[in-house]
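*Asks:* Questions regarding the structure given below will be posed in turn.
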Amino acid sequence: MEFNAVVGHDYQKRMLSTLVERGKLPHALLFTGPGGIGKRTLAMELVKHLFCEKGTACNACRPCRNLAAGHHPDLALLEGETSIKIDELREIRKEVFEPPYEAPVRVVLIDNGEVMTREAANALLKTLEEPPPSNLFIIVTSREQEIPLTVRSRCMRIRFGPLSTDTVRAYYERALKLPEARAEACAAVSNGSIAAGLFWMDEEHSRMRQQVGRLLMGEKRPFTKAALVAERMTAKGCEVEYLAFLLSFFRDVWWLSRTNDASGLLNRDLAAIMGGVGPGDARWAEVAIARIHETLGTLRYNVNRWLALENLMLHIMRPA
């Protein structure tokens, strides 16, 4: 079984191929790892192979065409930016006790599984505890720890890591036809995520990245600057991308404070901005990372995102 539409992740692809070929696919899979690296893409490719009349994801048969059009009757897709509620899981629970319409198995794909409300997660748990036959549940998440352990423990966990810089660069050159120099620059800021590299190569986001780095290092501390940065982060619904950047930034701060080795930075283009990091900054980085994770959790609810990020920025700037 080939997964040619998926970039990298050869180990995960081999594992899934073996499970399918041996008929050992479990009733529930948990795809976990950083965002933008291809977890959902691989999940959809797996569905395509399971539904395809030829078993090859041919893209030509009726099931493949239905999947591409987004209306195959045996694929239930749950996704949400902020929350997946209990009513959605209740509807799924009604369906899974009926046989699939035409495919050999029904697939319930839950993307951004970490945004399930606790009630929704409990409803899912009831189904996973006594899984009906001919159903496959796939949960995709970039924040595994926010999914209840009781749900996670009933899934086969498949861990995904960031793609290598060379893999990302090669994809940009081959698939997107970017010039070599631009592909190299794009891959350098990707942190192993194809989507993140493209996001940060946008000129406006690239400038903001530099501004945020300087603000965090204490070069500019006014309240108005933090408020403006927070406003821009949330203006186009990009707060999750910026929060992911903040996590990588403080990972680099922690790394520098411990090793003073700039070659291990994720954000190498910001090395000059982080030049003042010293051994005493490790605790600052640890506290900041905890606050960022707390903010990510807060955004699951109906909160003012601008104020949430403004408050975060004010609390994670370098102590005077």
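So you can find residues: chains in the structure tokens are A, B, ... in the order shown, residues in each start at 1, and ligands are numbered from 1 in order.
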Report the closest atom pair, with its distance in Å rounded to one decimal, for each residue of region 124-192 of chain A that has an atom no farther than 10 Å from region 72-85 of chain A; count only C-alpha atoms, sort by chain and then rising residue number, and write it as CSV.
*Replies:*
```
residue,atom,partner,partner_atom,distance
A:Asn135,CA,A:Asp74,CA,9.4
A:Leu136,CA,A:Leu75,CA,9.8
A:Phe137,CA,A:Ala76,CA,9.5
A:Ile138,CA,A:Leu77,CA,9.7
A:Ile139,CA,A:Leu78,CA,9.5
A:Val140,CA,A:Glu79,CA,9.6
```
*Asks:* Output C-alpha atoms for every residue in the selection just made, as a tab-separated table (two decimals), in the first residue's frame.
*Replies:*
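Output file again_15.tsv is given in full below:
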```tsv
chain	number	residue	atom	x	y	z
A	135	ASN	CA	-16.09	1.19	12.24
A	136	LEU	CA	-12.74	2.94	12.41
A	137	PHE	CA	-12.17	6.02	14.53
A	138	ILE	CA	-9.22	8.29	13.71
A	139	ILE	CA	-8.42	11.17	16.07
A	140	VAL	CA	-5.95	13.75	14.77
```
*Asks:* Excluding Ala290 (chain A) and residues on its chain fewer than 4 positions from it, collect all residues at most 12 Å away from it, counting only C-alpha atoms, and give them as a VMD selection string.
*Replies:* chain A and resid 243 246 to 247 250 to 251 283 to 286 294 to 297 312 315 to 316
*Asks:* Restricting it to N, CA and C atoms, dump the selection as a PDB file, in the first residue's frame.
*Replies:*
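What follows is the written file selection_18.pdb:
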```pdb
ATOM      1  N   LEU A 243       0.932  31.364  18.328  1.00  0.00           N
ATOM      2  CA  LEU A 243       1.204  30.683  19.590  1.00  0.00           C
ATOM      3  C   LEU A 243       2.182  29.529  19.381  1.00  0.00           C
ATOM      4  N   LEU A 246       5.473  31.129  19.295  1.00  0.00           N
ATOM      5  CA  LEU A 246       5.931  31.498  20.640  1.00  0.00           C
ATOM      6  C   LEU A 246       6.501  30.292  21.373  1.00  0.00           C
ATOM      7  N   LEU A 247       5.874  29.134  21.205  1.00  0.00           N
ATOM      8  CA  LEU A 247       6.403  27.923  21.839  1.00  0.00           C
ATOM      9  C   LEU A 247       7.792  27.591  21.304  1.00  0.00           C
ATOM     10  N   PHE A 250      10.423  30.139  22.698  1.00  0.00           N
ATOM     11  CA  PHE A 250      10.873  29.912  24.078  1.00  0.00           C
ATOM     12  C   PHE A 250      11.568  28.567  24.228  1.00  0.00           C
ATOM     13  N   ARG A 251      11.304  27.635  23.334  1.00  0.00           N
ATOM     14  CA  ARG A 251      12.120  26.431  23.316  1.00  0.00           C
ATOM     15  C   ARG A 251      13.556  26.811  22.996  1.00  0.00           C
ATOM     16  N   ARG A 283      14.451  29.626  33.479  1.00  0.00           N
ATOM     17  CA  ARG A 283      13.199  29.673  34.235  1.00  0.00           C
ATOM     18  C   ARG A 283      12.178  30.561  33.536  1.00  0.00           C
ATOM     19  N   TRP A 284      12.622  31.677  32.979  1.00  0.00           N
ATOM     20  CA  TRP A 284      11.722  32.552  32.209  1.00  0.00           C
ATOM     21  C   TRP A 284      11.076  31.764  31.071  1.00  0.00           C
ATOM     22  N   ALA A 285      11.880  30.996  30.348  1.00  0.00           N
ATOM     23  CA  ALA A 285      11.360  30.220  29.225  1.00  0.00           C
ATOM     24  C   ALA A 285      10.350  29.179  29.702  1.00  0.00           C
ATOM     25  N   GLU A 286      10.642  28.506  30.811  1.00  0.00           N
ATOM     26  CA  GLU A 286       9.738  27.468  31.313  1.00  0.00           C
ATOM     27  C   GLU A 286       8.386  28.052  31.728  1.00  0.00           C
ATOM     28  N   GLU A 294      -1.378  27.319  28.525  1.00  0.00           N
ATOM     29  CA  GLU A 294      -2.605  27.711  29.213  1.00  0.00           C
ATOM     30  C   GLU A 294      -3.496  28.551  28.296  1.00  0.00           C
ATOM     31  N   THR A 295      -2.878  29.456  27.543  1.00  0.00           N
ATOM     32  CA  THR A 295      -3.642  30.290  26.606  1.00  0.00           C
ATOM     33  C   THR A 295      -4.239  29.460  25.485  1.00  0.00           C
ATOM     34  N   LEU A 296      -3.483  28.497  24.980  1.00  0.00           N
ATOM     35  CA  LEU A 296      -4.021  27.599  23.950  1.00  0.00           C
ATOM     36  C   LEU A 296      -5.276  26.891  24.449  1.00  0.00           C
ATOM     37  N   GLY A 297      -5.256  26.473  25.699  1.00  0.00           N
ATOM     38  CA  GLY A 297      -6.434  25.839  26.266  1.00  0.00           C
ATOM     39  C   GLY A 297      -7.596  26.800  26.415  1.00  0.00           C
ATOM     40  N   LEU A 312      -1.295  37.531  27.553  1.00  0.00           N
ATOM     41  CA  LEU A 312      -0.166  36.609  27.441  1.00  0.00           C
ATOM     42  C   LEU A 312       1.125  37.358  27.143  1.00  0.00           C
ATOM     43  N   HIS A 315       2.734  39.096  29.999  1.00  0.00           N
ATOM     44  CA  HIS A 315       3.280  38.230  31.054  1.00  0.00           C
ATOM     45  C   HIS A 315       4.480  37.408  30.627  1.00  0.00           C
ATOM     46  N   ILE A 316       4.757  37.333  29.321  1.00  0.00           N
ATOM     47  CA  ILE A 316       5.884  36.493  28.903  1.00  0.00           C
ATOM     48  C   ILE A 316       7.069  37.317  28.372  1.00  0.00           C
TER      49      ILE A 316
END
```
*Asks:* Ranking A:Tyr101, A:Thr32, A:Glu88, A:Val107 by minimum distance to His49 (chain A) and counting only C-alpha atoms, which one comes first?
*Replies:*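 Residue with the minimum atom-to-atom distance to His49 (chain A): A:Val107.
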*Asks:* Closest to Val287 (chain A) among A:Trp254, A:Glu144, A:Asp269, A:Ala60, using only C-alpha atoms?
*Replies:*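 Of the candidates, the smallest distance to Val287 (chain A) is held by A:Trp254.
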*Asks:* Rank A:Val229, A:Cys186, A:Cys64, A:Met217 by their smallest atom-to-atom distance to Ile273 (chain A), using only C-alpha atoms, and report the top residue only.
*Replies:* A:Met217
*Asks:* So, with only C-alpha atoms as the atoms that count, which of A:Arg14, A:Lys48, A:Arg182, A:Lys39 lies closest to Gly161 (chain A)?
*Replies:*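 Closest residue, counting only C-alpha atoms: A:Lys39.
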*Asks:* With only C-alpha atoms as the counted atoms, please give the residues lying no more than 12 Å from Leu270 (chain A), apart from itself and same-chain residues fewer than 5 positions off, as a count of residues only.
*Replies:* 24
*Asks:* Could you find all residues in region 62-301 of chain A that DSSP calls helix (DSSP H, G or I) from the backbone, and write them as a PyMOL selection string?
*Replies:* chain A and resi 62-69+86-96+113-115+118-129+144-146+149-152+165-175+180-188+194-200+203-216+223-235+239-259+262-264+268-270+279-298
*Asks:* Here is a test: counting only C-alpha atoms, which residue of A:Leu16, A:Met274, A:Ala282, A:Ile92 is nearest to Ala120 (chain A)?
*Replies:*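 So, comparing all the options, the nearest one is A:Ile92.
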*Asks:* Mind pulling up the distance from CA of Lys54 (chain A) to CA of Phe3 (chain A)?
*Replies:* 14.4 Å
*Asks:* Which residues, written as a PyMOL selection string, have at least one atom at most 10 Å from Thr150 (chain A), with only C-alpha atoms counted and residues fewer than 6 positions away on the same chain left out?
*Replies:* chain A and resi 121-122+125+128-129
*Asks:* Contacts of region 157-159 of chain A at 10 Å or less, counting only C-alpha atoms, minus same-chain residues fewer than 3 places along, as a list in words?
*Replies:*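 Within the cut-off, the hits are His9, Tyr11, Gln12, Met15, Leu16, Ala28, Leu29, Leu30, Phe31, Thr32, Gly33, Pro34, Lys39, Ile139, Val140, Arg152, Ser153 and Arg154 of chain A.
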*Asks:* Based on the backbone DSSP call, show me all residues of region 3-64 of chain A assigned strand (DSSP E or B), as JSON, numbers by chain.
*Replies:* {"A": [28, 29, 30, 31, 32]}
*Asks:* Counting only C-alpha atoms, figure out which residue out of A:Ala43, A:Pro26, A:Glu2, A:Ala68 gets nearest to Thr56 (chain A).
*Replies:*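 Distance minimum relative to Thr56 (chain A) lands on A:Glu2.
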